[in-house]
>>> print(open('model.cif').read())   # mmCIF, C-alpha atoms
data_run
#
loop_
_atom_site.label_atom_id
_atom_site.label_comp_id
_atom_site.auth_asym_id
_atom_site.auth_seq_id
_atom_site.Cartn_x
_atom_site.Cartn_y
_atom_site.Cartn_z
CA MET A 253 108.35 94.98 63.25
CA GLY A 254 109.65 92.69 66.00
CA SER A 255 113.29 92.19 66.78
CA ALA A 256 115.16 89.06 65.76
CA PRO A 257 114.27 85.87 67.67
CA GLN A 258 116.28 85.43 70.84
CA ASP A 259 117.65 82.47 72.73
CA ASN A 260 116.58 83.32 76.28
CA PRO A 261 113.22 81.90 77.35
CA VAL A 262 110.67 84.57 78.26
CA ALA A 263 108.30 84.62 81.23
CA VAL A 264 105.31 86.93 81.61
CA VAL A 265 104.26 87.66 85.20
CA THR A 266 101.09 89.59 85.97
CA GLY A 267 100.95 91.52 89.21
CA GLY A 268 104.73 91.48 88.95
CA ALA A 269 105.58 94.81 90.55
CA ARG A 270 105.64 93.59 94.14
CA GLY A 271 105.15 90.71 96.56
CA ILE A 272 104.76 87.19 95.23
CA GLY A 273 104.74 88.36 91.62
CA LEU A 274 108.07 90.13 91.99
CA GLY A 275 109.51 87.11 93.79
CA ILE A 276 108.46 84.94 90.85
CA ALA A 277 110.00 87.39 88.39
CA ARG A 278 113.29 87.32 90.31
CA TRP A 279 113.25 83.49 90.17
CA PHE A 280 112.91 83.58 86.40
CA LEU A 281 115.71 86.13 86.08
CA ARG A 282 118.01 83.98 88.21
CA HIS A 283 117.25 81.01 85.98
CA GLY A 284 118.11 82.64 82.68
CA HIS A 285 114.74 83.98 81.56
CA ASP A 286 113.91 87.42 80.30
CA VAL A 287 110.80 88.74 82.01
CA ALA A 288 107.81 90.90 81.17
CA LEU A 289 106.14 92.42 84.22
CA LEU A 290 102.48 93.42 83.89
CA ASP A 291 100.93 95.51 86.64
CA VAL A 292 98.15 98.05 87.09
CA ASP A 293 100.12 100.02 89.71
CA ALA A 294 102.23 102.23 87.44
CA PRO A 295 104.37 103.99 90.11
CA THR A 296 105.32 100.72 91.83
CA LEU A 297 105.96 99.07 88.47
CA GLN A 298 108.31 101.89 87.49
CA ARG A 299 110.19 101.66 90.80
CA THR A 300 110.55 97.90 90.42
CA GLU A 301 111.87 98.27 86.87
CA LEU A 302 114.49 100.75 88.11
CA GLU A 303 115.46 98.56 91.07
CA LEU A 304 115.93 95.47 88.90
CA ASP A 305 118.12 97.57 86.61
CA LEU A 306 118.16 95.00 83.79
CA PRO A 307 116.85 96.97 80.82
CA ALA A 308 117.89 94.31 78.30
CA ARG A 309 116.06 91.55 80.15
CA VAL A 310 113.04 93.19 81.80
CA LEU A 311 110.04 94.79 80.13
CA ALA A 312 107.55 96.61 82.36
CA VAL A 313 104.05 97.00 80.93
CA HIS A 314 101.33 99.00 82.64
CA CYS A 315 98.23 96.84 82.24
CA ASP A 316 94.87 96.24 83.89
CA VAL A 317 94.39 92.53 83.25
CA SER A 318 90.61 92.84 83.54
CA GLU A 319 90.54 95.01 80.39
CA PRO A 320 90.70 93.04 77.13
CA ALA A 321 92.16 95.90 75.08
CA GLN A 322 94.97 96.48 77.60
CA VAL A 323 95.81 92.77 77.70
CA ALA A 324 95.94 92.63 73.89
CA ALA A 325 98.22 95.67 73.83
CA ALA A 326 100.48 94.10 76.48
CA ALA A 327 100.76 90.91 74.43
CA ASP A 328 101.75 92.95 71.37
CA ALA A 329 104.37 94.81 73.42
CA VAL A 330 105.88 91.58 74.75
CA TRP A 331 106.06 90.00 71.31
CA SER A 332 107.55 93.12 69.77
CA ARG A 333 110.27 93.15 72.42
CA PHE A 334 111.08 89.46 72.83
CA THR A 335 109.48 87.57 69.89
CA ARG A 336 108.74 84.59 72.13
CA VAL A 337 106.82 83.62 75.27
CA ASP A 338 107.57 80.44 77.22
CA ALA A 339 105.80 80.91 80.54
CA LEU A 340 102.83 82.88 81.82
CA VAL A 341 102.14 83.35 85.51
CA ASN A 342 98.69 84.78 86.23
CA ASN A 343 99.43 86.25 89.63
CA ALA A 344 97.53 89.57 89.54
CA GLY A 345 94.84 89.63 92.20
CA ILE A 346 92.84 91.88 94.49
CA ALA A 347 90.63 91.30 97.50
CA VAL A 348 87.64 92.88 99.21
CA PHE A 349 87.12 91.59 102.75
CA LYS A 350 83.49 92.27 103.65
CA PRO A 351 80.48 90.22 104.79
CA ILE A 352 78.27 88.88 102.01
CA GLY A 353 75.50 91.38 102.76
CA GLU A 354 77.88 94.33 102.63
CA THR A 355 79.74 93.37 99.45
CA SER A 356 78.44 95.49 96.60
CA TYR A 357 77.96 94.12 93.12
CA ALA A 358 80.60 96.54 91.88
CA GLU A 359 83.10 95.15 94.41
CA TRP A 360 82.14 91.58 93.50
CA ARG A 361 82.70 92.28 89.81
CA LYS A 362 85.99 94.10 90.40
CA VAL A 363 87.44 91.14 92.31
CA LEU A 364 86.25 88.57 89.79
CA GLY A 365 87.31 90.83 86.93
CA THR A 366 90.91 90.86 88.09
CA ASN A 367 91.31 87.44 89.68
CA LEU A 368 89.32 85.34 87.21
CA ASP A 369 88.75 87.35 84.03
CA GLY A 370 92.39 88.47 84.12
CA ALA A 371 93.69 84.91 84.01
CA PHE A 372 91.23 84.06 81.23
CA LEU A 373 92.18 87.08 79.12
CA CYS A 374 95.93 86.79 79.63
CA THR A 375 96.03 83.09 78.82
CA GLN A 376 93.89 83.72 75.76
CA ALA A 377 96.31 86.45 74.63
CA PHE A 378 99.65 84.83 75.45
CA ALA A 379 99.01 81.16 74.62
CA PRO A 380 99.07 81.87 70.86
CA LEU A 381 102.47 83.54 71.33
CA MET A 382 103.79 80.39 73.00
CA LEU A 383 102.59 78.38 70.02
CA ARG A 384 103.89 80.85 67.44
CA GLY A 385 107.44 79.77 68.15
CA GLY A 386 106.51 76.09 67.93
CA ARG A 387 107.77 75.44 71.45
CA GLY A 388 104.65 75.32 73.58
CA GLY A 389 104.97 76.56 77.14
CA ALA A 390 103.57 76.61 80.64
CA VAL A 391 100.89 78.57 82.45
CA VAL A 392 100.69 78.79 86.23
CA ASN A 393 97.69 80.45 87.83
CA VAL A 394 98.06 81.73 91.39
CA ALA A 395 94.90 80.97 93.36
CA SER A 396 94.75 80.83 97.16
CA ILE A 397 94.00 78.49 100.00
CA SER A 398 90.71 80.44 100.04
CA ALA A 399 89.84 78.50 96.87
CA LEU A 400 89.75 75.33 98.97
CA ARG A 401 88.61 76.50 102.41
CA ALA A 402 85.75 78.92 102.90
CA SER A 403 86.25 81.67 105.43
CA THR A 404 84.50 84.77 106.67
CA LEU A 405 84.70 88.02 104.67
CA ARG A 406 85.92 86.29 101.51
CA VAL A 407 82.81 85.81 99.40
CA ALA A 408 84.23 87.54 96.33
CA TYR A 409 87.88 86.62 96.84
CA GLY A 410 87.32 82.96 97.71
CA THR A 411 84.79 82.46 94.93
CA SER A 412 87.11 84.03 92.35
CA LYS A 413 89.99 81.80 93.41
CA ALA A 414 87.85 78.65 93.44
CA ALA A 415 86.69 79.46 89.91
CA LEU A 416 90.33 80.02 88.92
CA VAL A 417 91.13 76.45 89.95
CA HIS A 418 88.51 75.09 87.58
CA LEU A 419 89.53 77.50 84.84
CA THR A 420 93.03 76.01 85.12
CA ARG A 421 91.67 72.53 84.53
CA GLN A 422 89.74 73.71 81.47
CA GLN A 423 92.90 75.35 80.17
CA ALA A 424 94.95 72.22 80.84
CA VAL A 425 92.58 69.99 78.89
CA GLU A 426 92.34 72.24 75.85
CA LEU A 427 95.83 73.72 75.71
CA GLY A 428 97.59 70.51 76.71
CA ASP A 429 96.73 69.15 73.27
CA GLN A 430 98.84 71.97 71.84
CA GLY A 431 101.81 71.58 74.15
CA ILE A 432 100.95 74.14 76.81
CA ARG A 433 100.80 72.83 80.36
CA CYS A 434 98.51 74.65 82.82
CA ASN A 435 98.66 74.27 86.60
CA VAL A 436 97.54 76.24 89.63
CA ILE A 437 98.99 76.85 93.07
CA ALA A 438 97.03 77.70 96.20
CA PRO A 439 99.28 79.64 98.57
CA GLY A 440 98.48 79.75 102.25
CA PRO A 441 99.40 82.87 104.21
CA VAL A 442 102.64 84.31 102.86
CA GLU A 443 105.06 86.68 104.57
CA THR A 444 104.61 89.70 102.32
CA GLU A 445 104.65 93.39 103.15
CA MET A 446 100.89 93.44 102.64
CA ALA A 447 100.37 90.58 105.11
CA LYS A 448 102.45 92.43 107.68
CA LEU A 449 100.17 95.42 107.31
CA VAL A 450 96.77 93.71 107.39
CA HIS A 451 97.27 90.65 109.62
CA SER A 452 96.95 91.51 113.27
CA VAL A 453 98.89 89.71 115.98
CA ALA A 454 95.75 87.69 116.79
CA VAL A 455 95.26 86.66 113.16
CA ARG A 456 98.90 85.63 112.84
CA SER A 457 98.61 83.56 116.00
CA ASP A 458 95.50 81.85 114.63
CA TYR A 459 97.32 80.94 111.44
CA HIS A 460 100.34 79.64 113.34
CA ASP A 461 98.04 77.41 115.39
CA ALA A 462 96.23 76.08 112.32
CA ILE A 463 99.23 75.42 110.06
CA PRO A 464 101.16 72.24 110.90
CA LEU A 465 104.49 73.84 109.98
CA GLY A 466 103.62 76.63 112.41
CA ARG A 467 104.58 79.59 110.24
CA TYR A 468 103.78 81.66 107.18
CA GLY A 469 105.26 80.74 103.83
CA SER A 470 107.85 82.91 102.16
CA VAL A 471 107.74 84.67 98.81
CA ASP A 472 110.74 82.60 97.73
CA GLU A 473 108.87 79.36 98.52
CA MET A 474 105.99 80.43 96.29
CA ALA A 475 108.42 81.45 93.54
CA GLU A 476 110.33 78.16 93.70
CA THR A 477 107.06 76.25 93.31
CA VAL A 478 105.93 78.30 90.33
CA GLY A 479 109.38 78.03 88.76
CA PHE A 480 109.33 74.25 89.12
CA LEU A 481 105.92 74.01 87.46
CA CYS A 482 107.19 76.08 84.53
CA SER A 483 110.40 74.08 84.20
CA PRO A 484 111.23 70.92 82.21
CA ALA A 485 111.33 69.07 85.54
CA ALA A 486 107.52 69.33 85.56
CA SER A 487 107.09 68.33 81.91
CA PHE A 488 104.35 65.75 82.62
CA ILE A 489 102.43 67.78 85.20
CA ASN A 490 99.28 69.31 83.76
CA GLY A 491 95.93 70.34 85.20
CA GLN A 492 97.08 70.02 88.80
CA LEU A 493 96.38 72.04 91.93
CA LEU A 494 99.23 72.34 94.41
CA ALA A 495 98.52 73.84 97.83
CA VAL A 496 101.66 75.62 99.01
CA ASP A 497 100.42 76.14 102.54
CA GLY A 498 102.45 74.27 105.14
CA GLY A 499 99.68 71.68 105.49
CA PHE A 500 96.91 74.19 106.24
CA GLU A 501 94.43 72.70 103.77
CA ALA A 502 95.04 69.21 105.11
CA THR A 503 94.37 70.19 108.72
CA GLY A 504 91.18 69.13 110.47
CA VAL A 505 89.36 70.81 113.34
CA GLY A 506 90.72 70.81 116.86
CA LEU A 507 94.37 70.80 115.88
CA PRO A 508 95.56 73.47 118.36
CA THR A 509 94.03 71.54 121.31
CA LEU A 510 95.53 68.27 120.12
CA ARG A 511 98.90 69.94 119.74
CA ARG A 512 98.84 71.26 123.25
CA ARG A 513 97.95 67.81 124.56
CA ARG A 514 100.69 66.17 122.54
CA GLN A 515 103.27 68.63 123.80
CA ALA A 516 102.30 68.26 127.46
CA PRO A 517 104.23 65.74 129.63
CA ASP A 518 102.82 62.20 129.35
CA GLY A 519 99.99 63.49 127.17
CA ALA A 520 98.34 65.29 130.09
CA PRO A 521 96.04 68.21 129.19
#
>>> encode(input="model.cif", output="structure tokens")
Amino acid sequence: MGSAPQDNPVAVVTGGARGIGLGIARWFLRHGHDVALLDVDAPTLQRTELELDLPARVLAVHCDVSEPAQVAAAADAVWSRFTRVDALVNNAGIAVFKPIGETSYAEWRKVLGTNLDGAFLCTQAFAPLMLRGGRGGAVVNVASISALRASTLRVAYGTSKAALVHLTRQQAVELGDQGIRCNVIAPGPVETEMAKLVHSVAVRSDYHDAIPLGRYGSVDEMAETVGFLCSPAASFINGQLLAVDGGFEATGVGLPTLRRRRQAPDGAP
């Protein structure tokens, strides 16, 4: 039997144990929400739960979002604990960076299973809980700039994120009728611990050259965007894609050369 209904709004964040997902969870906590963190990495999830040290407001659920039975069990656990859901952030994602010819079918399916199937399954499981309280809610899917711009070594990752953008639109059309808004963000490169590990100096320099703002985004900037889309301030925004990328997606070819020319005295090369 569930506990008595509570007043605090509740946000569910997948991939919430670290990085962008944890930043989003912290945003919700700062803004008066209780939070359910779903993550497949049990040790990191446990450490995060201990670090947050808010047992009355945080529920950590070990869950592989690509597995329907685990998602259903997670939804039951969230409802039993909080008896409401107001926001769902489908942030869980993985990547395999290999050329097309070297990407195995198993790797392809694993990436799509988490990045695309996970968002489908979690929305399917948690949307009814939003409606059960008669309040509606908001879903934000976390895609990537790779959904909008093809790049090398991203056949599975980029394809999964591009499909996630269209899935969001399908969700927005169908669930909007019931009072659930669905939107998607496409982060550019973000200053996470993972990025620090896998992005070489040369790669970082390339990004800085290609992004008009000349830097990586921060976890807090991603979280603020997601929080806005889940808030009443975004009450008429539905089915939209927002690139949170410093202008990267808008940039054409040749930008570094044009920048250097612009910065030189009198426009000289």
>>> atom_distance(input="model.cif", atom1="CA of Asn490 (chain A)", atom2="CA of Gln423 (chain A)")
9.5 Å
>>> atom_distance(input="model.cif", atom1="CA of Val436 (chain A)", atom2="CA of Asp461 (chain A)")
25.8 Å
>>> resolve_selection(input="model.cif", expression="the PyMOL selection byres ((chain A and resi 289) around 12)", output="PyMOL selection string")
chain A and resi 262-270+273-278+280-281+286-288+290-294+296-298+300-301+304+309-317+326-327+329-330+340-344
>>> residues_around(input="model.cif", residues="Gly428 (chain A)", least_positions_apart="5", cutoff="12 Å", atoms="only C-alpha atoms", output="short mmCIF file (atom, residue, chain, number, x, y, z; two decimals) with C-alpha atoms, in the coordinates of the input")
data_model
loop_
_atom_site.label_atom_id
_atom_site.label_comp_id
_atom_site.auth_asym_id
_atom_site.auth_seq_id
_atom_site.Cartn_x
_atom_site.Cartn_y
_atom_site.Cartn_z
CA ALA A 379 99.01 81.16 74.62
CA LEU A 383 102.59 78.38 70.02
CA GLY A 388 104.65 75.32 73.58
CA GLY A 389 104.97 76.56 77.14
CA ALA A 390 103.57 76.61 80.64
CA VAL A 391 100.89 78.57 82.45
CA THR A 420 93.03 76.01 85.12
CA ARG A 421 91.67 72.53 84.53
CA GLN A 422 89.74 73.71 81.47
CA GLN A 423 92.90 75.35 80.17
CA ARG A 433 100.80 72.83 80.36
CA CYS A 434 98.51 74.65 82.82
CA ASN A 435 98.66 74.27 86.60
CA SER A 487 107.09 68.33 81.91
CA PHE A 488 104.35 65.75 82.62
CA ILE A 489 102.43 67.78 85.20
CA ASN A 490 99.28 69.31 83.76
CA GLY A 491 95.93 70.34 85.20
#
>>> atom_distance(input="model.cif", atom1="CA of Ala395 (chain A)", atom2="CA of Ala321 (chain A)")
23.8 Å
>>> closest_residue(input="model.cif", among="A:Val442, A:Ala339, A:Val323, A:Leu481", to="Arg467 (chain A)", atoms="all atoms listed in the file")
A:Val442
>>> resolve_selection(input="model.cif", expression="the PyMOL selection byres ((chain A and resi 352) around 10)", output="compact mmCIF listing (two decimals) with C-alpha atoms, keeping the file's coordinate frame")
# COMPACT_ATOMS: atom_id res chain seq x y z
CA PHE A 349 87.12 91.59 102.75
CA LYS A 350 83.49 92.27 103.65
CA PRO A 351 80.48 90.22 104.79
CA GLY A 353 75.50 91.38 102.76
CA GLU A 354 77.88 94.33 102.63
CA THR A 355 79.74 93.37 99.45
CA SER A 356 78.44 95.49 96.60
CA TRP A 360 82.14 91.58 93.50
CA THR A 404 84.50 84.77 106.67
CA LEU A 405 84.70 88.02 104.67
CA ARG A 406 85.92 86.29 101.51
CA VAL A 407 82.81 85.81 99.40
CA ALA A 408 84.23 87.54 96.33
>>> axis_aligned_box(input="model.cif", around="region 408-424 of chain A", padding_each_side="3 Å", output="AutoDock Vina command-line options")
--center_x 89.6 --center_y 79.9 --center_z 88.9 --size_x 16.7 --size_y 21.3 --size_z 23.5
>>> closest_residue(input="model.cif", among="A:Pro320, A:Gly284, A:Pro307, A:Gly431", to="Met382 (chain A)", atoms="all atoms listed in the file")
A:Gly431
>>> resolve_selection(input="model.cif", expression="the PyMOL selection byres ((chain A and resi 460) around 12)", output="JSON, numbers by chain")
{"A": [440, 441, 442, 453, 454, 455, 456, 457, 458, 459, 461, 462, 463, 464, 465, 466, 467, 468, 469, 497, 498, 499, 500, 507, 508, 511]}
>>> closest_residue(input="model.cif", among="A:Gly271, A:Ala358, A:Leu381, A:Glu501", to="Thr444 (chain A)", atoms="all atoms listed in the file")
A:Gly271
>>> closest_residue(input="model.cif", among="A:Cys374, A:Val392, A:Ala495, A:Ala347", to="Ser483 (chain A)", atoms="all atoms listed in the file")
A:Val392
>>> closest_residue(input="model.cif", among="A:Ala399, A:Leu419, A:Val348, A:Val471", to="Val363 (chain A)", atoms="only C-alpha atoms")
A:Val348
>>> closest_residue(input="model.cif", among="A:Thr375, A:Ser412, A:Ser398, A:Asn260", to="Ala308 (chain A)", atoms="all atoms listed in the file")
A:Asn260
>>> build_atoms(input="model.cif", residues="region 444-467 of chain A", atoms="N, CA and C atoms", output="PDB file, keeping the file's coordinate frame")
ATOM      1  N   THR A 444     104.407  88.561 103.200  1.00  0.00           N
ATOM      2  CA  THR A 444     104.610  89.700 102.320  1.00  0.00           C
ATOM      3  C   THR A 444     104.442  90.994 103.112  1.00  0.00           C
ATOM      4  N   GLU A 445     104.832  92.102 102.489  1.00  0.00           N
ATOM      5  CA  GLU A 445     104.650  93.390 103.150  1.00  0.00           C
ATOM      6  C   GLU A 445     103.170  93.661 103.396  1.00  0.00           C
ATOM      7  N   MET A 446     102.321  93.240 102.472  1.00  0.00           N
ATOM      8  CA  MET A 446     100.890  93.440 102.640  1.00  0.00           C
ATOM      9  C   MET A 446     100.363  92.646 103.834  1.00  0.00           C
ATOM     10  N   ALA A 447     100.811  91.399 103.975  1.00  0.00           N
ATOM     11  CA  ALA A 447     100.370  90.580 105.110  1.00  0.00           C
ATOM     12  C   ALA A 447     100.791  91.216 106.434  1.00  0.00           C
ATOM     13  N   LYS A 448     101.979  91.778 106.456  1.00  0.00           N
ATOM     14  CA  LYS A 448     102.450  92.430 107.680  1.00  0.00           C
ATOM     15  C   LYS A 448     101.563  93.605 108.061  1.00  0.00           C
ATOM     16  N   LEU A 449     101.011  94.271 107.056  1.00  0.00           N
ATOM     17  CA  LEU A 449     100.170  95.420 107.310  1.00  0.00           C
ATOM     18  C   LEU A 449      98.766  95.040 107.765  1.00  0.00           C
ATOM     19  N   VAL A 450      98.190  93.996 107.164  1.00  0.00           N
ATOM     20  CA  VAL A 450      96.770  93.710 107.390  1.00  0.00           C
ATOM     21  C   VAL A 450      96.499  92.580 108.374  1.00  0.00           C
ATOM     22  N   HIS A 451      97.501  91.748 108.684  1.00  0.00           N
ATOM     23  CA  HIS A 451      97.270  90.650 109.620  1.00  0.00           C
ATOM     24  C   HIS A 451      97.667  91.083 111.025  1.00  0.00           C
ATOM     25  N   SER A 452      96.689  91.124 111.886  1.00  0.00           N
ATOM     26  CA  SER A 452      96.950  91.510 113.270  1.00  0.00           C
ATOM     27  C   SER A 452      97.714  90.399 113.987  1.00  0.00           C
ATOM     28  N   VAL A 453      98.188  90.720 115.180  1.00  0.00           N
ATOM     29  CA  VAL A 453      98.890  89.710 115.980  1.00  0.00           C
ATOM     30  C   VAL A 453      97.981  88.516 116.239  1.00  0.00           C
ATOM     31  N   ALA A 454      96.695  88.786 116.523  1.00  0.00           N
ATOM     32  CA  ALA A 454      95.750  87.690 116.790  1.00  0.00           C
ATOM     33  C   ALA A 454      95.553  86.811 115.563  1.00  0.00           C
ATOM     34  N   VAL A 455      95.442  87.433 114.394  1.00  0.00           N
ATOM     35  CA  VAL A 455      95.260  86.660 113.160  1.00  0.00           C
ATOM     36  C   VAL A 455      96.496  85.814 112.883  1.00  0.00           C
ATOM     37  N   ARG A 456      97.672  86.382 113.060  1.00  0.00           N
ATOM     38  CA  ARG A 456      98.900  85.630 112.840  1.00  0.00           C
ATOM     39  C   ARG A 456      98.991  84.441 113.781  1.00  0.00           C
ATOM     40  N   SER A 457      98.593  84.652 115.028  1.00  0.00           N
ATOM     41  CA  SER A 457      98.610  83.560 116.000  1.00  0.00           C
ATOM     42  C   SER A 457      97.650  82.458 115.592  1.00  0.00           C
ATOM     43  N   ASP A 458      96.471  82.844 115.093  1.00  0.00           N
ATOM     44  CA  ASP A 458      95.500  81.850 114.630  1.00  0.00           C
ATOM     45  C   ASP A 458      96.075  81.010 113.495  1.00  0.00           C
ATOM     46  N   TYR A 459      96.716  81.670 112.549  1.00  0.00           N
ATOM     47  CA  TYR A 459      97.320  80.940 111.440  1.00  0.00           C
ATOM     48  C   TYR A 459      98.416  79.994 111.937  1.00  0.00           C
ATOM     49  N   HIS A 460      99.262  80.486 112.830  1.00  0.00           N
ATOM     50  CA  HIS A 460     100.340  79.640 113.340  1.00  0.00           C
ATOM     51  C   HIS A 460      99.779  78.397 114.029  1.00  0.00           C
ATOM     52  N   ASP A 461      98.669  78.554 114.729  1.00  0.00           N
ATOM     53  CA  ASP A 461      98.040  77.410 115.390  1.00  0.00           C
ATOM     54  C   ASP A 461      97.468  76.414 114.385  1.00  0.00           C
ATOM     55  N   ALA A 462      96.954  76.934 113.265  1.00  0.00           N
ATOM     56  CA  ALA A 462      96.230  76.080 112.320  1.00  0.00           C
ATOM     57  C   ALA A 462      97.137  75.420 111.280  1.00  0.00           C
ATOM     58  N   ILE A 463      98.325  75.944 111.090  1.00  0.00           N
ATOM     59  CA  ILE A 463      99.230  75.420 110.060  1.00  0.00           C
ATOM     60  C   ILE A 463     100.213  74.455 110.710  1.00  0.00           C
ATOM     61  N   PRO A 464     100.262  73.204 110.268  1.00  0.00           N
ATOM     62  CA  PRO A 464     101.160  72.240 110.900  1.00  0.00           C
ATOM     63  C   PRO A 464     102.616  72.671 110.953  1.00  0.00           C
ATOM     64  N   LEU A 465     103.103  73.377 109.930  1.00  0.00           N
ATOM     65  CA  LEU A 465     104.490  73.840 109.980  1.00  0.00           C
ATOM     66  C   LEU A 465     104.669  75.040 110.895  1.00  0.00           C
ATOM     67  N   GLY A 466     103.561  75.608 111.379  1.00  0.00           N
ATOM     68  CA  GLY A 466     103.620  76.630 112.410  1.00  0.00           C
ATOM     69  C   GLY A 466     104.184  77.968 111.988  1.00  0.00           C
ATOM     70  N   ARG A 467     104.044  78.321 110.715  1.00  0.00           N
ATOM     71  CA  ARG A 467     104.580  79.590 110.240  1.00  0.00           C
ATOM     72  C   ARG A 467     103.927  79.982 108.927  1.00  0.00           C
TER      73      ARG A 467
END
